[in-house]
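So this block is protein_6.cif, mmCIF, C-alpha atoms:
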data_run
#
loop_
_atom_site.label_atom_id
_atom_site.label_comp_id
_atom_site.auth_asym_id
_atom_site.auth_seq_id
_atom_site.Cartn_x
_atom_site.Cartn_y
_atom_site.Cartn_z
CA MET A 1 -37.98 -66.26 50.70
CA PHE A 2 -35.17 -63.74 51.32
CA ASN A 3 -32.70 -65.61 49.21
CA LYS A 4 -29.58 -63.69 48.36
CA GLN A 5 -27.33 -64.00 45.37
CA GLY A 6 -24.28 -66.08 46.09
CA GLN A 7 -26.07 -68.23 48.62
CA GLY A 8 -27.20 -70.70 46.04
CA GLY A 9 -30.77 -69.50 45.86
CA THR A 10 -32.74 -67.42 43.44
CA VAL A 11 -32.83 -63.64 43.75
CA SER A 12 -36.12 -62.21 44.94
CA GLU A 13 -37.06 -59.07 43.01
CA PHE A 14 -37.26 -56.25 45.53
CA GLU A 15 -39.33 -53.25 44.63
CA THR A 16 -37.76 -50.93 47.17
CA VAL A 17 -34.39 -50.78 48.90
CA ILE A 18 -33.99 -48.14 51.64
CA GLY A 19 -30.21 -47.86 52.10
CA PRO A 20 -28.28 -47.03 55.32
CA SER A 21 -27.84 -43.33 54.49
CA VAL A 22 -31.50 -42.68 53.72
CA LYS A 23 -34.36 -41.57 55.97
CA VAL A 24 -37.94 -41.97 54.76
CA LYS A 25 -40.59 -39.83 56.50
CA GLY A 26 -44.31 -40.28 55.97
CA ASP A 27 -46.72 -43.00 54.91
CA PHE A 28 -44.82 -45.50 52.81
CA ASN A 29 -47.11 -47.90 50.93
CA ALA A 30 -45.76 -50.46 48.47
CA GLN A 31 -47.08 -53.42 46.49
CA GLY A 32 -43.85 -55.39 46.26
CA ASN A 33 -40.96 -56.49 48.46
CA ILE A 34 -39.01 -54.02 50.61
CA ILE A 35 -35.53 -54.08 52.15
CA VAL A 36 -34.93 -51.52 54.92
CA GLU A 37 -31.33 -50.80 55.95
CA GLY A 38 -31.87 -47.13 56.86
CA MET A 39 -34.47 -45.16 58.82
CA VAL A 40 -38.24 -45.03 58.41
CA GLU A 41 -40.59 -42.72 60.33
CA GLY A 42 -44.35 -42.78 59.90
CA SER A 43 -45.96 -45.95 58.64
CA LEU A 44 -44.69 -48.79 56.48
CA LYS A 45 -47.08 -51.07 54.58
CA THR A 46 -46.51 -53.60 51.83
CA GLN A 47 -48.44 -56.36 50.12
CA GLY A 48 -45.15 -58.25 49.74
CA GLU A 49 -42.21 -59.30 51.87
CA LEU A 50 -40.37 -56.99 54.24
CA GLN A 51 -36.75 -57.37 55.32
CA VAL A 52 -35.44 -55.07 58.07
CA GLY A 53 -31.63 -55.14 58.28
CA GLU A 54 -29.52 -55.19 61.46
CA LYS A 55 -28.70 -51.46 61.39
CA ALA A 56 -32.16 -50.29 60.37
CA LYS A 57 -34.28 -48.11 62.66
CA VAL A 58 -38.00 -48.10 62.02
CA THR A 59 -40.22 -45.82 64.06
CA ALA A 60 -43.49 -46.80 62.48
CA ASN A 61 -46.37 -49.21 62.49
CA VAL A 62 -45.45 -51.98 60.08
CA GLU A 63 -47.70 -54.21 57.93
CA ALA A 64 -46.51 -56.88 55.51
CA LYS A 65 -47.39 -60.25 54.02
CA GLU A 66 -44.21 -61.84 55.41
CA ALA A 67 -41.30 -60.28 57.28
CA LYS A 68 -37.79 -60.90 58.55
CA ILE A 69 -36.78 -58.43 61.26
CA GLY A 70 -33.13 -57.94 62.21
CA GLY A 71 -33.13 -54.27 63.26
CA GLU A 72 -34.97 -51.95 65.61
CA ILE A 73 -38.71 -51.35 65.31
CA ARG A 74 -40.63 -48.94 67.55
CA GLY A 75 -44.25 -49.55 66.62
CA ASN A 76 -46.69 -52.36 66.07
CA VAL A 77 -45.88 -55.15 63.62
CA LYS A 78 -48.68 -56.89 61.73
CA VAL A 79 -47.74 -59.78 59.44
CA LYS A 80 -50.28 -62.02 57.69
CA GLY A 81 -47.92 -64.92 57.13
CA PHE A 82 -44.54 -65.82 58.63
CA LEU A 83 -42.69 -63.37 60.87
CA GLU A 84 -39.04 -64.19 61.53
CA VAL A 85 -37.36 -62.21 64.30
CA THR A 86 -33.60 -62.72 64.27
CA GLY A 87 -31.18 -62.49 67.22
CA THR A 88 -30.22 -58.87 66.47
CA ALA A 89 -33.78 -57.54 66.42
CA LYS A 90 -35.26 -55.08 68.93
CA ILE A 91 -39.03 -54.73 68.81
CA PHE A 92 -40.80 -52.23 71.07
CA GLY A 93 -44.46 -52.73 70.21
CA ASP A 94 -47.10 -55.37 69.69
CA ILE A 95 -46.79 -58.22 67.24
CA GLU A 96 -49.57 -59.84 65.23
CA ALA A 97 -48.50 -62.72 63.00
CA GLY A 98 -49.76 -65.86 61.30
CA THR A 99 -46.71 -67.91 62.27
CA LEU A 100 -43.76 -66.69 64.33
CA SER A 101 -40.11 -67.49 65.00
CA ILE A 102 -38.00 -65.55 67.52
CA GLU A 103 -34.27 -66.29 67.67
CA ARG A 104 -32.28 -66.24 70.94
CA GLY A 105 -30.88 -62.76 71.61
CA ALA A 106 -33.81 -60.82 70.19
CA ILE A 107 -35.41 -58.11 72.36
CA PHE A 108 -39.19 -57.97 72.29
CA ASN A 109 -41.29 -55.77 74.55
CA GLY A 110 -44.98 -55.93 73.76
CA LYS A 111 -47.98 -58.15 73.32
CA CYS A 112 -48.12 -60.96 70.82
CA GLN A 113 -51.22 -62.17 69.02
CA MET A 114 -51.41 -64.95 66.48
CA ALA A 115 -54.29 -65.15 64.04
CA GLY A 116 -54.44 -68.97 64.18
CA ALA A 117 -54.31 -68.96 67.97
CA LEU A 118 -57.19 -66.49 68.20
CA ASP A 119 -59.41 -68.85 66.24
CA GLU A 120 -58.37 -71.70 68.57
CA ILE A 121 -59.25 -69.63 71.69
CA LYS A 122 -62.67 -68.73 70.24
CA LYS A 123 -63.27 -72.42 69.46
CA ILE A 124 -62.33 -73.53 73.02
CA SER A 125 -64.54 -70.80 74.57
CA LYS A 126 -67.47 -71.92 72.42
CA ASP A 127 -66.93 -75.57 73.42
CA LYS A 128 -66.86 -74.59 77.14
CA GLU A 129 -70.12 -72.62 76.75
CA ASN A 130 -71.82 -75.62 75.16
CA MET B 131 -37.89 -42.63 3.55
CA ASN B 132 -35.17 -42.94 6.22
CA ILE B 133 -34.02 -39.61 7.61
CA PHE B 134 -30.49 -39.56 9.04
CA ILE B 135 -29.98 -36.64 11.42
CA TYR B 136 -26.28 -35.88 11.87
CA ASP B 137 -25.40 -33.94 15.03
CA SER B 138 -23.54 -30.68 14.56
CA PHE B 139 -20.30 -32.04 16.10
CA LEU B 140 -20.05 -34.40 13.11
CA ASN B 141 -19.32 -31.40 10.89
CA GLN B 142 -15.71 -31.66 12.13
CA LYS B 143 -13.29 -32.97 9.54
CA LYS B 144 -12.12 -35.87 11.74
CA TYR B 145 -15.48 -37.60 11.35
CA ASP B 146 -15.53 -37.49 7.52
CA ARG B 147 -13.98 -40.92 7.05
CA LEU B 148 -16.26 -42.57 9.62
CA LEU B 149 -19.36 -41.00 8.10
CA ALA B 150 -18.30 -42.15 4.64
CA ARG B 151 -17.96 -45.69 6.01
CA ILE B 152 -21.45 -45.52 7.56
CA GLU B 153 -22.95 -44.19 4.34
CA THR B 154 -21.38 -47.01 2.31
CA ARG B 155 -22.70 -49.63 4.74
CA ILE B 156 -26.17 -48.03 4.76
CA THR B 157 -26.24 -48.06 0.96
CA ASP B 158 -25.11 -51.72 0.89
CA LEU B 159 -28.00 -52.64 3.20
CA GLY B 160 -30.46 -50.70 1.04
CA LEU B 161 -31.33 -48.31 3.87
CA ASN B 162 -30.21 -45.10 2.28
CA GLY B 163 -32.35 -42.02 2.67
CA LYS B 164 -31.99 -38.34 3.31
CA ILE B 165 -29.20 -36.83 5.42
CA SER B 166 -29.94 -33.75 7.52
CA ARG B 167 -27.05 -32.04 9.24
CA LEU B 168 -27.76 -30.05 12.39
CA SER B 169 -26.17 -26.64 12.73
CA LEU B 170 -26.72 -23.40 14.61
CA THR B 171 -29.36 -22.35 12.11
CA ARG B 172 -31.09 -25.73 11.67
CA ASN B 173 -32.78 -27.10 14.77
CA VAL B 174 -34.22 -30.56 15.37
CA PRO B 175 -37.96 -29.77 15.81
CA GLU B 176 -38.00 -27.88 12.51
CA ILE B 177 -36.36 -30.75 10.61
CA ILE B 178 -38.41 -33.54 12.19
CA ASP B 179 -41.78 -31.81 11.78
CA TYR B 180 -40.98 -31.17 8.13
CA GLU B 181 -39.80 -34.72 7.46
CA ILE B 182 -42.74 -36.39 9.24
CA LYS B 183 -45.13 -34.29 7.18
CA ARG B 184 -43.33 -35.54 4.08
CA GLY B 185 -43.83 -39.18 5.20
CA ALA B 186 -40.56 -40.14 6.92
CA LYS B 187 -40.42 -43.89 7.65
CA THR B 188 -37.65 -43.77 10.29
CA ILE B 189 -35.72 -40.99 12.02
CA ILE B 190 -32.14 -42.04 12.72
CA ALA B 191 -30.06 -40.14 15.27
CA VAL B 192 -26.39 -40.12 14.27
CA GLY B 193 -24.44 -38.80 17.27
CA ASN B 194 -24.61 -39.30 21.04
CA ASN B 195 -27.07 -39.13 23.95
CA LYS B 196 -27.57 -35.41 23.37
CA THR B 197 -28.63 -36.03 19.77
CA VAL B 198 -31.01 -38.79 20.90
CA ASN B 199 -32.51 -36.57 23.61
CA GLN B 200 -33.16 -33.74 21.15
CA ILE B 201 -34.88 -36.12 18.75
CA ILE B 202 -37.05 -37.97 21.29
CA ASN B 203 -38.44 -34.62 22.40
CA CYS B 204 -39.85 -34.24 18.88
CA LEU B 205 -40.84 -37.88 18.30
CA ALA B 206 -42.65 -38.56 21.61
CA GLY B 207 -46.19 -39.75 21.01
CA LYS B 208 -45.63 -40.22 17.27
CA LEU B 209 -45.58 -43.52 15.41
CA VAL B 210 -42.41 -42.89 13.40
CA PRO B 211 -39.64 -45.00 15.01
CA LEU B 212 -36.25 -43.83 16.21
CA GLY B 213 -33.03 -45.51 15.11
CA ILE B 214 -29.61 -44.74 16.59
CA ILE B 215 -26.10 -44.78 15.16
CA PRO B 216 -23.75 -44.00 18.07
CA ILE B 217 -20.61 -42.00 17.29
CA GLY B 218 -17.68 -42.12 19.70
CA GLU B 219 -17.33 -43.90 23.02
CA ASP B 220 -18.37 -41.10 25.37
CA ASN B 221 -21.95 -40.23 26.26
CA ASN B 222 -23.48 -43.08 24.28
CA GLY B 223 -25.07 -45.00 27.16
CA ILE B 224 -28.53 -45.01 25.60
CA ALA B 225 -27.36 -46.80 22.45
CA LYS B 226 -25.40 -49.35 24.51
CA SER B 227 -28.44 -50.08 26.71
CA LEU B 228 -30.45 -50.74 23.56
CA GLY B 229 -27.85 -53.26 22.39
CA ILE B 230 -26.24 -50.92 19.84
CA ASN B 231 -22.55 -51.17 20.63
CA SER B 232 -20.84 -50.00 17.45
CA VAL B 233 -21.41 -48.23 14.17
CA GLU B 234 -21.37 -51.55 12.28
CA ALA B 235 -23.83 -53.16 14.70
CA ALA B 236 -26.06 -50.08 14.44
CA CYS B 237 -26.36 -50.47 10.65
CA ASP B 238 -27.24 -54.17 10.97
CA ILE B 239 -29.78 -53.41 13.71
CA LEU B 240 -31.42 -50.76 11.51
CA SER B 241 -31.66 -53.36 8.78
CA ALA B 242 -33.21 -55.99 11.11
CA ARG B 243 -35.70 -53.32 12.32
CA LEU B 244 -36.71 -54.93 15.63
CA LEU B 245 -39.21 -52.42 16.99
CA LEU B 246 -40.23 -51.86 20.63
CA ARG B 247 -42.55 -49.26 22.08
CA LEU B 248 -40.76 -47.76 25.11
CA ASP B 249 -41.69 -45.45 27.98
CA LEU B 250 -40.23 -41.98 28.33
CA GLY B 251 -39.55 -40.00 31.47
CA LEU B 252 -40.93 -36.47 31.47
CA ALA B 253 -39.18 -33.81 33.57
CA ASN B 254 -41.42 -30.72 33.49
CA GLN B 255 -41.73 -30.31 29.68
CA THR B 256 -38.62 -32.25 28.60
CA TYR B 257 -38.53 -35.96 27.83
CA PHE B 258 -35.65 -38.32 28.64
CA LEU B 259 -35.07 -41.89 27.50
CA GLY B 260 -32.10 -42.88 29.67
CA ASN B 261 -31.83 -41.19 33.04
CA ALA B 262 -32.04 -37.96 34.99
CA THR B 263 -29.30 -37.09 37.52
CA ILE B 264 -28.98 -34.49 40.26
CA ALA B 265 -26.61 -33.94 43.20
CA ASN B 266 -27.69 -35.57 46.44
CA GLN B 267 -26.91 -32.80 48.92
CA GLY B 268 -29.64 -30.24 49.33
CA THR B 269 -32.14 -32.12 47.15
CA ILE B 270 -35.64 -32.56 48.52
CA ILE B 271 -37.54 -35.53 47.07
CA ASP B 272 -41.28 -35.48 47.49
CA MET B 273 -43.17 -38.65 46.55
CA ASN B 274 -46.76 -37.76 45.73
CA LYS B 275 -47.01 -35.86 49.06
CA ASP B 276 -47.16 -39.27 50.83
CA TYR B 277 -43.59 -39.35 52.05
CA THR B 278 -40.26 -37.60 51.69
CA ILE B 279 -36.77 -39.02 51.30
CA GLU B 280 -33.82 -37.39 53.06
CA THR B 281 -30.15 -38.21 52.89
CA ALA B 282 -27.26 -36.53 54.66
CA GLU B 283 -24.46 -38.23 52.72
CA LYS B 284 -22.73 -36.77 49.67
CA GLY B 285 -23.68 -38.47 46.42
CA PHE B 286 -26.18 -38.28 43.60
CA ILE B 287 -29.78 -39.09 42.81
CA GLN B 288 -30.62 -40.79 39.53
CA ILE B 289 -33.96 -41.57 37.96
CA PHE B 290 -33.70 -44.42 35.48
CA ASN B 291 -35.91 -45.36 32.60
CA LEU B 292 -33.06 -47.25 30.96
CA VAL B 293 -29.87 -48.23 32.77
CA ASP B 294 -26.49 -48.00 31.02
CA GLY B 295 -23.44 -50.16 31.61
CA THR B 296 -21.61 -47.57 33.75
CA THR B 297 -24.16 -47.79 36.56
CA LYS B 298 -24.28 -50.88 38.75
CA LEU B 299 -27.55 -51.42 40.55
CA PRO B 300 -28.31 -54.01 43.26
CA ALA B 301 -28.92 -57.46 41.74
CA GLU B 302 -32.50 -57.48 43.02
CA VAL B 303 -33.43 -54.40 40.99
CA LYS B 304 -34.49 -54.83 37.38
CA VAL B 305 -34.92 -51.79 35.14
CA ASN B 306 -37.25 -52.13 32.18
CA PRO B 307 -38.15 -49.17 29.94
CA ALA B 308 -41.46 -50.75 28.98
CA ASP B 309 -42.92 -51.46 32.44
CA GLY B 310 -44.53 -48.06 33.09
CA ILE B 311 -42.28 -47.42 36.10
CA LEU B 312 -39.16 -45.34 36.73
CA GLU B 313 -36.45 -46.35 39.23
CA LEU B 314 -35.20 -43.71 41.64
CA VAL B 315 -31.72 -44.56 42.92
CA VAL B 316 -30.07 -42.61 45.76
CA SER B 317 -26.33 -43.35 45.87
CA ALA B 318 -24.40 -42.13 48.88
CA SER B 319 -21.08 -41.58 47.15
CA ASP B 320 -19.99 -39.05 44.58
CA LYS B 321 -17.90 -41.65 42.80
CA LYS B 322 -19.42 -43.69 40.00
CA ILE B 323 -20.02 -47.28 41.03
CA ILE B 324 -17.56 -49.58 39.30
CA PHE B 325 -16.10 -53.06 39.51
CA GLY B 326 -19.40 -54.56 40.55
CA LYS B 327 -19.58 -52.76 43.91
CA THR B 328 -22.97 -51.20 44.46
CA GLY B 329 -22.13 -49.41 47.75
CA ASP B 330 -24.84 -47.63 49.72
CA GLN B 331 -27.79 -47.41 47.38
CA SER B 332 -31.49 -46.95 47.90
CA VAL B 333 -33.98 -47.86 45.19
CA PHE B 334 -37.60 -46.75 44.87
CA LYS B 335 -40.07 -47.56 42.10
CA ILE B 336 -41.84 -44.37 41.14
CA LYS B 337 -44.38 -42.94 38.72
CA ASN B 338 -44.57 -39.35 39.84
CA ILE B 339 -42.22 -37.31 42.04
CA SER B 340 -41.02 -33.78 42.50
CA LEU B 341 -37.41 -32.72 43.05
CA TYR B 342 -36.09 -29.43 44.36
CA ASN B 343 -32.53 -28.25 44.77
CA PRO B 344 -31.79 -24.51 44.63
CA ARG B 345 -28.06 -25.11 44.08
CA SER B 346 -28.08 -27.83 41.46
CA GLU B 347 -29.66 -28.59 38.08
CA LEU B 348 -31.21 -31.83 36.88
CA ILE B 349 -29.25 -33.38 33.97
CA LEU B 350 -31.31 -35.40 31.48
CA ASP B 351 -29.62 -38.16 29.46
CA GLY B 352 -26.22 -36.74 30.47
CA ALA B 353 -26.75 -33.86 28.10
CA VAL B 354 -29.57 -31.45 28.89
CA ALA B 355 -29.70 -29.39 32.12
CA ILE B 356 -33.00 -28.17 33.50
CA PRO B 357 -33.58 -26.12 36.65
CA THR B 358 -35.55 -27.34 39.67
CA PRO B 359 -38.25 -27.58 41.05
CA THR B 360 -39.02 -30.39 38.63
CA GLN B 361 -42.02 -32.65 38.39
CA ILE B 362 -41.00 -36.04 36.99
CA THR B 363 -43.57 -38.44 35.54
CA ILE B 364 -43.57 -41.34 33.12
CA LYS B 365 -45.28 -41.44 29.74
CA GLU B 366 -45.98 -45.05 28.98
CA LYS B 367 -45.05 -46.57 25.62
CA CYS B 368 -44.90 -43.30 23.76
CA LEU B 369 -41.80 -43.85 21.60
CA SER B 370 -41.05 -46.54 19.00
CA VAL B 371 -37.38 -47.49 18.97
CA ILE B 372 -35.33 -49.87 16.82
CA VAL B 373 -33.41 -52.04 19.29
CA GLY B 374 -30.73 -54.71 19.16
CA LYS B 375 -30.91 -58.30 20.39
CA ASN B 376 -28.27 -57.60 23.05
CA ARG B 377 -30.29 -54.91 24.83
CA ASN B 378 -30.09 -55.00 28.63
CA PHE B 379 -33.82 -55.45 29.38
#
Write the structure described by the file as structure tokens, please.
Amino acid sequence: MFNKQGQGGTVSEFETVIGPSVKVKGDFNAQGNIIVEGMVEGSLKTQGELQVGEKAKVTANVEAKEAKIGGEIRGNVKVKGFLEVTGTAKIFGDIEAGTLSIERGAIFNGKCQMAGALDEIKKISKDKEN
Amino acid sequence: MNIFIYDSFLNQKKYDRLLARIETRITDLGLNGKISRLSLTRNVPEIIDYEIKRGAKTIIAVGNNKTVNQIINCLAGKLVPLGIIPIGEDNNGIAKSLGINSVEAACDILSARLLLRLDLGLANQTYFLGNATIANQGTIIDMNKDYTIETAEKGFIQIFNLVDGTTKLPAEVKVNPADGILELVVSASDKKIIFGKTGDQSVFKIKNISLYNPRSELILDGAVAIPTPTQITIKEKCLSVIVGKNRNF
């Protein structure tokens, strides 16, 4: 995932690239992969992968299959699979992810829920009750 | 019968020798047909309607992007295929994208007759095969009323059905004129992107958008200007085109 040309990997086909000079306002829904380097206001949903660049500013609730966050997000982040938060990221909102990695230096203010962990908690509670 | 439509600029004397060479090659390949020369009094729709009624097998545009654009607007939705013989180096991006790089190659490609059914972009009532371009500043892009795109930088907005060699897109973006989707590219620079540098570009896959700019017109295929507001949609697989093996999709 997130391979770039020149790094020895294959190139993922991105459906949408939001460049640094562009601001998207409204409900942005996509089927494929998205790269955000600019600004997004509203909501951002995709069935594919999401990559938020270092200089990106997203003021929106975000949903994706997998995501790599390097920029600023003000809103809740919901990722079904793997969420990678890099050292440059600033997240002001709640996170829900299948699996999670947060690099040193990242700023995260909010609650964190993990789908797998929720199942575990339910299982433990049930065992205690029995 | 093959119908060769010569653009009006080919009536200039300097093209006589080149046209004679094309005609000889066409005859050698057994592709000869009828030649129709455009002029102020003979327009494309008139000629094409008449020739299709008489059972034309192929309509061949001899000229540049402007010639091709005029012809696709008459051939859209019909089964008769379009062939292209590009004349000159300028404004022939459509032919190059289709793998037709020279007059000689064009004749061979017509002979091989590799047919593809391609999409066409539709801007209000006018079709385009290549791209539509408008200035960036002051343009409002509305995507199906779901979201809007704003940009403060100077530059241009292009909507691609077919990408020509002069435009460099990010490596991740593939443009295919048979996928039922148009690519909207917002470039934040008024200079054309060259030498492999893609600069600040945004790319959106679209099927239906509206554009509005009171100060600027939308240019289709580098040849036809239409005023805004413009509704742009895609008409899937509505034109048969003879293409070369070296096409860029």
* Might you pull out every residue within 7 Å of stretch 16-32 of chain A, with only C-alpha atoms counted and same-chain residues fewer than 5 positions away left off, and present them as a PyMOL selection string? => (chain A and resi 37-48) or (chain B and resi 276-283+318+330-335)
* To do: Using all atoms listed in the file, pick whichever of B:Asp220, B:Glu234, B:Asp158, B:Glu313 has the shortest atom-to-atom distance to chain A.
  => B:Glu313
* **Residues near stretch 235-251 of chain B, cut-off 8 Å, only C-alpha atoms, skip fewer than 2 positions along chain, as number ranges by chain** => B: 152, 155-156, 159, 161, 206, 211, 213-216, 230-233, 253, 257-259, 261, 291, 307-310, 312, 362-374
Output C-alpha atoms of each residue in that selection to a file, as a CSV table (one decimal), keeping the file's coordinate frame.
chain,number,residue,atom,x,y,z
B,152,ILE,CA,-21.4,-45.5,7.6
B,155,ARG,CA,-22.7,-49.6,4.7
B,156,ILE,CA,-26.2,-48.0,4.8
B,159,LEU,CA,-28.0,-52.6,3.2
B,161,LEU,CA,-31.3,-48.3,3.9
B,206,ALA,CA,-42.6,-38.6,21.6
B,211,PRO,CA,-39.6,-45.0,15.0
B,213,GLY,CA,-33.0,-45.5,15.1
B,214,ILE,CA,-29.6,-44.7,16.6
B,215,ILE,CA,-26.1,-44.8,15.2
B,216,PRO,CA,-23.8,-44.0,18.1
B,230,ILE,CA,-26.2,-50.9,19.8
B,231,ASN,CA,-22.6,-51.2,20.6
B,232,SER,CA,-20.8,-50.0,17.4
B,233,VAL,CA,-21.4,-48.2,14.2
B,253,ALA,CA,-39.2,-33.8,33.6
B,257,TYR,CA,-38.5,-36.0,27.8
B,258,PHE,CA,-35.6,-38.3,28.6
B,259,LEU,CA,-35.1,-41.9,27.5
B,261,ASN,CA,-31.8,-41.2,33.0
B,291,ASN,CA,-35.9,-45.4,32.6
B,307,PRO,CA,-38.2,-49.2,29.9
B,308,ALA,CA,-41.5,-50.8,29.0
B,309,ASP,CA,-42.9,-51.5,32.4
B,310,GLY,CA,-44.5,-48.1,33.1
B,312,LEU,CA,-39.2,-45.3,36.7
B,362,ILE,CA,-41.0,-36.0,37.0
B,363,THR,CA,-43.6,-38.4,35.5
B,364,ILE,CA,-43.6,-41.3,33.1
B,365,LYS,CA,-45.3,-41.4,29.7
B,366,GLU,CA,-46.0,-45.0,29.0
B,367,LYS,CA,-45.0,-46.6,25.6
B,368,CYS,CA,-44.9,-43.3,23.8
B,369,LEU,CA,-41.8,-43.8,21.6
B,370,SER,CA,-41.0,-46.5,19.0
B,371,VAL,CA,-37.4,-47.5,19.0
B,372,ILE,CA,-35.3,-49.9,16.8
B,373,VAL,CA,-33.4,-52.0,19.3
B,374,GLY,CA,-30.7,-54.7,19.2
* Asked: So which residues get picked by the PyMOL selection byres ((chain A and resi 84-92) around 8) here, written as a count of residues only?
  -> 26
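Interatomic distance, atom CA of B:Leu140 against atom CA of B:Ile349: 22.8 Å.
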Please return the centre and edge lengths, in Å to one decimal, of a box with edges along x, y and z that contains all listed atoms of stretch 86-104 of chain A, widened by 4 Å on every side, as lines of an AutoDock Vina configuration file.
center_x = -40.0
center_y = -60.1
center_z = 66.2
size_x = 27.5
size_y = 23.7
size_z = 17.8
Write out as a CSV table (one decimal) with C-alpha atoms, in the coordinates of the input which residues come within 7 Å of B:Asn266 when counting only C-alpha atoms, dropping same-chain ones fewer than 6 positions away.
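Once everything was written out, this is part.csv:
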chain,number,residue,atom,x,y,z
B,284,LYS,CA,-22.7,-36.8,49.7
B,285,GLY,CA,-23.7,-38.5,46.4
B,286,PHE,CA,-26.2,-38.3,43.6
B,287,ILE,CA,-29.8,-39.1,42.8
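Put simply, atom CA of A:Val62 is 16.7 Å away from atom CA of A:Glu15.
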Can you give me N, CA and C atoms for stretch 163-180 of chain B, written as a PDB file, in the frame of the given file?
ATOM      1  N   GLY B 163     -31.252 -42.988   2.649  1.00  0.00           N
ATOM      2  CA  GLY B 163     -32.350 -42.020   2.670  1.00  0.00           C
ATOM      3  C   GLY B 163     -31.788 -40.620   2.611  1.00  0.00           C
ATOM      4  N   LYS B 164     -32.418 -39.738   3.354  1.00  0.00           N
ATOM      5  CA  LYS B 164     -31.990 -38.340   3.310  1.00  0.00           C
ATOM      6  C   LYS B 164     -31.122 -38.008   4.527  1.00  0.00           C
ATOM      7  N   ILE B 165     -30.071 -37.234   4.312  1.00  0.00           N
ATOM      8  CA  ILE B 165     -29.200 -36.830   5.420  1.00  0.00           C
ATOM      9  C   ILE B 165     -29.479 -35.368   5.759  1.00  0.00           C
ATOM     10  N   SER B 166     -29.753 -35.130   7.047  1.00  0.00           N
ATOM     11  CA  SER B 166     -29.940 -33.750   7.520  1.00  0.00           C
ATOM     12  C   SER B 166     -28.877 -33.439   8.545  1.00  0.00           C
ATOM     13  N   ARG B 167     -28.117 -32.401   8.292  1.00  0.00           N
ATOM     14  CA  ARG B 167     -27.050 -32.040   9.240  1.00  0.00           C
ATOM     15  C   ARG B 167     -27.515 -30.901  10.135  1.00  0.00           C
ATOM     16  N   LEU B 168     -27.376 -31.107  11.455  1.00  0.00           N
ATOM     17  CA  LEU B 168     -27.760 -30.050  12.390  1.00  0.00           C
ATOM     18  C   LEU B 168     -26.682 -28.967  12.397  1.00  0.00           C
ATOM     19  N   SER B 169     -27.116 -27.743  12.608  1.00  0.00           N
ATOM     20  CA  SER B 169     -26.170 -26.640  12.730  1.00  0.00           C
ATOM     21  C   SER B 169     -26.832 -25.562  13.584  1.00  0.00           C
ATOM     22  N   LEU B 170     -26.151 -24.471  13.784  1.00  0.00           N
ATOM     23  CA  LEU B 170     -26.720 -23.400  14.610  1.00  0.00           C
ATOM     24  C   LEU B 170     -28.034 -22.874  14.029  1.00  0.00           C
ATOM     25  N   THR B 171     -28.160 -22.914  12.735  1.00  0.00           N
ATOM     26  CA  THR B 171     -29.360 -22.350  12.110  1.00  0.00           C
ATOM     27  C   THR B 171     -30.436 -23.391  11.819  1.00  0.00           C
ATOM     28  N   ARG B 172     -30.096 -24.670  11.950  1.00  0.00           N
ATOM     29  CA  ARG B 172     -31.090 -25.730  11.670  1.00  0.00           C
ATOM     30  C   ARG B 172     -31.346 -26.528  12.944  1.00  0.00           C
ATOM     31  N   ASN B 173     -32.519 -26.369  13.530  1.00  0.00           N
ATOM     32  CA  ASN B 173     -32.780 -27.100  14.770  1.00  0.00           C
ATOM     33  C   ASN B 173     -33.607 -28.351  14.518  1.00  0.00           C
ATOM     34  N   VAL B 174     -33.611 -29.233  15.521  1.00  0.00           N
ATOM     35  CA  VAL B 174     -34.220 -30.560  15.370  1.00  0.00           C
ATOM     36  C   VAL B 174     -35.748 -30.505  15.162  1.00  0.00           C
ATOM     37  N   PRO B 175     -36.501 -29.757  15.999  1.00  0.00           N
ATOM     38  CA  PRO B 175     -37.960 -29.770  15.810  1.00  0.00           C
ATOM     39  C   PRO B 175     -38.381 -29.378  14.394  1.00  0.00           C
ATOM     40  N   GLU B 176     -37.697 -28.368  13.865  1.00  0.00           N
ATOM     41  CA  GLU B 176     -38.000 -27.880  12.510  1.00  0.00           C
ATOM     42  C   GLU B 176     -37.825 -29.022  11.488  1.00  0.00           C
ATOM     43  N   ILE B 177     -36.686 -29.687  11.574  1.00  0.00           N
ATOM     44  CA  ILE B 177     -36.360 -30.750  10.610  1.00  0.00           C
ATOM     45  C   ILE B 177     -37.340 -31.910  10.748  1.00  0.00           C
ATOM     46  N   ILE B 178     -37.580 -32.344  11.990  1.00  0.00           N
ATOM     47  CA  ILE B 178     -38.410 -33.540  12.190  1.00  0.00           C
ATOM     48  C   ILE B 178     -39.867 -33.277  11.784  1.00  0.00           C
ATOM     49  N   ASP B 179     -40.406 -32.137  12.179  1.00  0.00           N
ATOM     50  CA  ASP B 179     -41.780 -31.810  11.780  1.00  0.00           C
ATOM     51  C   ASP B 179     -41.927 -31.833  10.257  1.00  0.00           C
ATOM     52  N   TYR B 180     -40.960 -31.242   9.590  1.00  0.00           N
ATOM     53  CA  TYR B 180     -40.980 -31.170   8.130  1.00  0.00           C
ATOM     54  C   TYR B 180     -40.909 -32.565   7.506  1.00  0.00           C
TER      55      TYR B 180
END
